[in-house]
Each structure stands twice: as structure tokens, then as C-alpha cells.
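Participant: Attaching a single structure in C-alpha cells format; questions to follow.
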Amino acid sequence: MFKEFKEFAVRGNVVDMAVGIIIGGAFGTIVSSLVNDVLMPPIGLLMGGVDFSDIFLVLKGEGPYATLADATAAGAVTINVGVFVNNVISFLIVAFAVFLLVKGINRLRRQQAAAPTEPTAPPEDILLLREIRDSLARRDEAP
């Protein structure tokens, strides 16, 4: 059983998948930073200085809260609209990046498939049998 697991774990697809998951996690962190630290501040500034991460609705709790952190610290129940918007934008960026990656891979596969392949040479035993066949055919044709 250990041997089977070892064969499975060392197989190329599993290793490739593990690398993909690790890089995907790192990529997700980069995209989150891009959305939260680069894209959303200018968009919020254009919309009158709105910080999207602090857009929320209080369902249960006392008093108005200036930030989501204040509402969370006070134990208020909130609907975090701004956090949701940030996550949607992050998802769209990741989905677009994956789309571009898959599009590039598909283009490479089409180029490989379109490349003409030379027919492989037949094995030696087939060549020998053909020579014997041809030799016998010539012998039968001779008067």
C-alpha cells in the first residue's frame, strides 16, 4: 500500500498540481493586495473618498460606527458590502488571469498539433519481412 501511495504521490500530475496550488495561493495574495491597496483607493477617491472595505450595513447593534473594525469590536451584526465588492473584484482579476493562461496554453497545444510529424520508421523485423516478400515476388516473376 505504501508503494502504491509513493507511486501516486511522485507521479508528475500530482507534483504539478501541488505546485499549482502553492503558486495559486501566492497569486491570490498578490491579487488581494492589488485590489485592496492599488485599485480600490483611487476608485474610492473618485467616488468622494469612500473606503470600500468600510461600506457595511448594521443589522444589530447600538449607534453609528465609523468603520467596520469599530462595529466588529462592538459586537454589532453587519452585512459587509464593501468587503464583498473587494472580493468580487479580486475574483474577476483571478478569473481573467486564468483565462489568459488557459488561452496561451491552448494556443501552444494547437501549434504543436499543427506541426507536421514525420512518420516513424517501421521496426527492423517489418523491414526484413518486406525484403523477403519482395525477394520472393521477384523470384516468382522470373521465368
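By convention in this document, the chains of the C-alpha cells carry letters A, B, ... by their order, each chain's residues are numbered from 1, and ligands are numbered from 1 in the order they are shown.
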Find the residues of range 67-86 of chain A that sit at most 6 Å from range 38-59 of chain A; for each, write down the nearest two atoms and how far apart they are in Å, to one decimal. Count only C-alpha atoms. Sort by chain, then by number going up, and give it as JSON lines.

Facilitator:
{"residue": "A:Thr67", "atom": "CA", "partner": "A:Asp54", "partner_atom": "CA", "distance": 5.3}
{"residue": "A:Leu68", "atom": "CA", "partner": "A:Asp54", "partner_atom": "CA", "distance": 5.2}
{"residue": "A:Val77", "atom": "CA", "partner": "A:Leu59", "partner_atom": "CA", "distance": 5.4}
{"residue": "A:Thr78", "atom": "CA", "partner": "A:Val58", "partner_atom": "CA", "distance": 4.5}
{"residue": "A:Ile79", "atom": "CA", "partner": "A:Leu57", "partner_atom": "CA", "distance": 5.1}
{"residue": "A:Asn80", "atom": "CA", "partner": "A:Phe56", "partner_atom": "CA", "distance": 4.5}
{"residue": "A:Val81", "atom": "CA", "partner": "A:Phe56", "partner_atom": "CA", "distance": 5.2}
{"residue": "A:Gly82", "atom": "CA", "partner": "A:Phe52", "partner_atom": "CA", "distance": 4.4}
{"residue": "A:Val83", "atom": "CA", "partner": "A:Ser53", "partner_atom": "CA", "distance": 5.0}

Participant: Name the closest residue to Ser32 in chain A among the candidates A:Leu92, A:Ala69, A:Gly63, A:Lys3; distances are taken between atoms, counting only C-alpha atoms.

Facilitator: A:Leu92

Participant: Fewer than 6 positions away in the same chain doesn't count, so skip those; otherwise give me all residues within 10 Å of Ala97 in chain A, counting only C-alpha atoms, as a PyMOL selection string.

Facilitator: chain A and resi 27+91+103

Participant: Could you find all residues in range 19-85 of chain A that DSSP calls strand (DSSP E or B) from the backbone, and write them as a ChimeraX atom specification?

Facilitator: /A:57-60,77-79

Participant: Mind dumping the selected residues with N, CA and C atoms as a PDB file, in the first residue's frame?

Facilitator:
ATOM      1  N   LEU A  57     -23.630  47.491   6.427  1.00  0.00           N
ATOM      2  CA  LEU A  57     -24.958  47.773   6.980  1.00  0.00           C
ATOM      3  C   LEU A  57     -25.040  47.125   8.352  1.00  0.00           C
ATOM      4  N   VAL A  58     -25.495  47.873   9.335  1.00  0.00           N
ATOM      5  CA  VAL A  58     -25.624  47.345  10.688  1.00  0.00           C
ATOM      6  C   VAL A  58     -27.005  46.719  10.825  1.00  0.00           C
ATOM      7  N   LEU A  59     -27.034  45.427  11.125  1.00  0.00           N
ATOM      8  CA  LEU A  59     -28.306  44.737  11.342  1.00  0.00           C
ATOM      9  C   LEU A  59     -28.701  44.788  12.815  1.00  0.00           C
ATOM     10  N   LYS A  60     -27.705  44.650  13.683  1.00  0.00           N
ATOM     11  CA  LYS A  60     -27.996  44.661  15.109  1.00  0.00           C
ATOM     12  C   LYS A  60     -26.804  45.273  15.824  1.00  0.00           C
ATOM     13  N   VAL A  77     -23.787  43.133  14.507  1.00  0.00           N
ATOM     14  CA  VAL A  77     -24.010  42.218  13.389  1.00  0.00           C
ATOM     15  C   VAL A  77     -24.120  43.078  12.135  1.00  0.00           C
ATOM     16  N   THR A  78     -23.245  42.790  11.142  1.00  0.00           N
ATOM     17  CA  THR A  78     -23.194  43.648   9.956  1.00  0.00           C
ATOM     18  C   THR A  78     -23.248  42.830   8.674  1.00  0.00           C
ATOM     19  N   ILE A  79     -23.685  43.492   7.620  1.00  0.00           N
ATOM     20  CA  ILE A  79     -23.555  42.960   6.264  1.00  0.00           C
ATOM     21  C   ILE A  79     -22.425  43.775   5.628  1.00  0.00           C
TER      22      ILE A  79
END

Participant: DSSP on the backbone, alpha helix (DSSP H) only: what residues of range 14-138 of chain A does that give? Format it as JSON, numbers by chain.

Facilitator: {"A": [14, 15, 16, 17, 18, 19, 20, 21, 22, 23, 24, 25, 26, 27, 28, 29, 30, 31, 32, 33, 40, 41, 42, 43, 44, 45, 46, 68, 69, 70, 71, 72, 73, 81, 82, 83, 84, 85, 86, 87, 88, 89, 90, 91, 92, 93, 94, 95, 96, 97, 98, 99, 100, 101, 102, 103, 104, 105, 106, 107, 108, 109, 110, 111, 112, 113, 114, 124, 125, 126, 127, 128, 129, 130, 131, 132, 133, 134, 135, 136, 137, 138]}

Participant: Provide the CA of Thr29 in chain A to CA of Ile89 in chain A distance in Å, to one decimal place.

Facilitator: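 Interatomic distance, CA of Thr29 in chain A to CA of Ile89 in chain A: 13.4 Å.
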